[in-house]
Amino acid sequence: MTATARNVVPLAPPGRGGSWRDRLRGPAVFTLVAVLALVVAPMLLEPFRLGLLAKYLCFGIVALGIGLAWGQGGMLTLGQGVFFGLGGYAMGMYLKLHDAGGDLPDFMVWSGVEKLPALWAPFENPLFAIAFAVAGPVLLAVLLGALVFRQRVRGAYFAILTQALAAATVILLVGQQGLTGGTNGLTNFFDLFGQDLAADQTQRGLYLVVAAVLGVLYLLAWQLVRSRFGRLLVAVRDGEDRVRFLGYNPATVKTVTFAVSAGMAGLAGALFVPVVGIISPALLGVVPSLELVVAVAVGGRFSLAGAVLGAVLMGYAKTAFSEEFADGWLYLQGALFILVISLAPKGVFGLAASARTLLAARLPRRAVPDGGPPGATAAKHDVSTPLIEVPEPRA
């Protein structure tokens, strides 16, 4: 093999090349969705429904991180609720201290606490609370990743480890009644930066913030996936040992991705608290974490857009089923999951991609773009295992 030789491995397409229609399709769809979310939805939906959509979009941010870690990196994380909870509790602590106006929060008074715990004191500053909501989960993920990935723990063992972390976190929070609010968690928030949280205008503004944050994070994740790092991440997913033999360090790649995913979940938790008005251990345990993974699977874990779509669809289905079928909505939700996975193993987004591929196969072949030989036609392309070149690491 020469010094300029390259290794060809099956990876997800980087989104380069193709006709100008193919290159414009993604930005056009993103722009359309952004207009619907930022302009049309606030105009058509009543405040209650708009608040529900804001909650779904918060879960969409968590799902985006899961899609990055699981779909692109092959790390099945069943404990994203931990990072979501860290961000949520950070924002909730600030809101409780702000509402207390220098006194102890109400639940501490009921629990017999006489002095504000030192752990709570820094959260009187909103900038610290917001920074911790992102930095706290990132640091925890880096620590966990450095310990786990260097020992080459992966697959089911990594999933079980993250699930155990979620269970242990819930036990810890429930047992610290005077510090965390125990089972009830933190609730009864009234003011956010001088604005009444119960006001429709405030909730509308929060929805716009959540939608804008999701859009920005999606663009950043989209760019990351299509960068050299993203190609290396998918290579680690499909052949970690092979990537290691090429001279790269899969532990570093996975740790960075896991940390980015955790930061997204923490930010989602910080946005969730003022939107919904509560953060409790019930929102960050094993079951909520599993529901988020299921949502990503329903939408399509190999696509960032599919992960977000799955979170929104599952959130909407949960609300719709519980409103119409109060006694059996859980069975309907489970049936929806089984139906989608049975008919479309790659999720709703994968089903749409398969439909486009089938339609393209039935259409006449187009001439090869970018100066192909006269009379040449475009070769069929298998979107499931396309080939992408991964350059040799530098010596």
# chains A, B, ... in the order shown; residues from 1 in each chain; ligands from 1
>>> residues_around(residues="A:Ala265", least_positions_apart="5", cutoff="12 Å", atoms="only C-alpha atoms", output="PyMOL selection string")
chain A and resi 57-69+77+79-88+133-138+141+214+217+258-260+270-272+284+289+292
>>> residues_around(residues="stretch 254-256 of chain A", least_positions_apart="3", cutoff="7 Å", atoms="only C-alpha atoms", output="list of chain:residue names")
A:Gly73, A:Val142, A:Gly145, A:Ala146, A:Pro250, A:Ala251, A:Ala259, A:Val260
>>> write_last_selection(atoms="N, CA, C and O atoms", output="mmCIF file, in the first residue's frame")
data_model
loop_
_atom_site.group_PDB
_atom_site.id
_atom_site.type_symbol
_atom_site.label_atom_id
_atom_site.label_comp_id
_atom_site.auth_asym_id
_atom_site.auth_seq_id
_atom_site.Cartn_x
_atom_site.Cartn_y
_atom_site.Cartn_z
ATOM 1 N N GLY A 73 -22.761 7.071 16.322
ATOM 2 C CA GLY A 73 -21.612 6.512 17.018
ATOM 3 C C GLY A 73 -21.792 5.118 17.559
ATOM 4 O O GLY A 73 -20.831 4.522 18.054
ATOM 5 N N VAL A 142 -17.728 13.255 30.210
ATOM 6 C CA VAL A 142 -16.295 13.104 29.933
ATOM 7 C C VAL A 142 -15.658 12.164 30.947
ATOM 8 O O VAL A 142 -14.856 11.284 30.593
ATOM 9 N N GLY A 145 -16.982 8.661 30.230
ATOM 10 C CA GLY A 145 -16.411 8.156 28.990
ATOM 11 C C GLY A 145 -14.941 7.815 29.117
ATOM 12 O O GLY A 145 -14.475 6.795 28.580
ATOM 13 N N ALA A 146 -14.184 8.642 29.837
ATOM 14 C CA ALA A 146 -12.756 8.374 30.023
ATOM 15 C C ALA A 146 -12.533 7.071 30.784
ATOM 16 O O ALA A 146 -11.569 6.347 30.525
ATOM 17 N N PRO A 250 -10.342 5.391 19.202
ATOM 18 C CA PRO A 250 -11.809 5.398 19.275
ATOM 19 C C PRO A 250 -12.339 5.914 20.612
ATOM 20 O O PRO A 250 -13.424 6.505 20.657
ATOM 21 N N ALA A 251 -11.589 5.719 21.699
ATOM 22 C CA ALA A 251 -12.057 6.180 23.008
ATOM 23 C C ALA A 251 -12.238 7.689 23.027
ATOM 24 O O ALA A 251 -13.216 8.208 23.586
ATOM 25 N N ALA A 259 -20.039 13.354 25.281
ATOM 26 C CA ALA A 259 -20.102 14.622 26.007
ATOM 27 C C ALA A 259 -20.998 15.624 25.290
ATOM 28 O O ALA A 259 -21.765 16.361 25.924
ATOM 29 N N VAL A 260 -20.903 15.684 23.960
ATOM 30 C CA VAL A 260 -21.773 16.585 23.196
ATOM 31 C C VAL A 260 -23.237 16.190 23.376
ATOM 32 O O VAL A 260 -24.114 17.045 23.576
#
>>> closest_residue(among="A:Ala156, A:Gly175, A:Phe132, A:Leu197", to="A:Gly266", atoms="only C-alpha atoms")
A:Phe132
>>> closest_atom_pairs(of="stretch 212-237 of chain A", to="stretch 19-43 of chain A", cutoff="12 Å", atoms="only C-alpha atoms", output="JSON lines")
{"residue": "A:Ala212", "atom": "CA", "partner": "A:Leu38", "partner_atom": "CA", "distance": 7.7}
{"residue": "A:Val213", "atom": "CA", "partner": "A:Ala34", "partner_atom": "CA", "distance": 11.3}
{"residue": "A:Leu214", "atom": "CA", "partner": "A:Ala34", "partner_atom": "CA", "distance": 10.0}
{"residue": "A:Gly215", "atom": "CA", "partner": "A:Ala34", "partner_atom": "CA", "distance": 7.4}
{"residue": "A:Val216", "atom": "CA", "partner": "A:Ala34", "partner_atom": "CA", "distance": 10.5}
{"residue": "A:Tyr218", "atom": "CA", "partner": "A:Phe30", "partner_atom": "CA", "distance": 9.7}
{"residue": "A:Leu219", "atom": "CA", "partner": "A:Phe30", "partner_atom": "CA", "distance": 9.3}
{"residue": "A:Trp222", "atom": "CA", "partner": "A:Gly26", "partner_atom": "CA", "distance": 10.5}
>>> atom_distance(atom1="atom CA of A:Gly328", atom2="atom CA of A:Tyr316")
15.9 Å
>>> closest_atom_pairs(of="stretch 34-133 of chain A", to="stretch 231-242 of chain A", cutoff="9 Å", atoms="only C-alpha atoms", output="Markdown table")
| residue | atom | partner | partner_atom | distance |
| --- | --- | --- | --- | --- |
| A:Trp70 | CA | A:Arg237 | CA | 8.8 |
| A:Gly71 | CA | A:Arg237 | CA | 8.7 |
| A:Gln72 | CA | A:Val234 | CA | 5.4 |
| A:Gly73 | CA | A:Arg237 | CA | 4.9 |
| A:Gly74 | CA | A:Arg237 | CA | 4.8 |
| A:Met75 | CA | A:Arg237 | CA | 7.9 |
>>> closest_residue(among="A:Ala262, A:Ala129, A:Leu179, A:Leu44", to="A:Thr162", atoms="only C-alpha atoms")
A:Ala262
>>> closest_residue(among="A:Tyr248, A:Phe48, A:Tyr157, A:Phe128", to="A:Gln203", atoms="only C-alpha atoms")
A:Phe48
>>> closest_residue(among="A:Met264, A:Ala90, A:Leu76, A:Val109", to="A:Arg301", atoms="only C-alpha atoms")
A:Leu76
>>> select_by_dssp(residues="stretch 258-374 of chain A", states="helix (DSSP H, G or I)", output="NGL selection string")
:A and (258-276 or 281-283 or 286-299 or 304-324 or 329-343 or 347-362)
>>> closest_residue(among="A:Met91, A:Leu140, A:Leu116, A:Ala221", to="A:Ala305", atoms="only C-alpha atoms")
A:Ala221
>>> residues_around(residues="A:Val286", least_positions_apart="6", cutoff="7 Å", atoms="only C-alpha atoms", output="NGL selection string")
:A and (79 or 163 or 166-167)
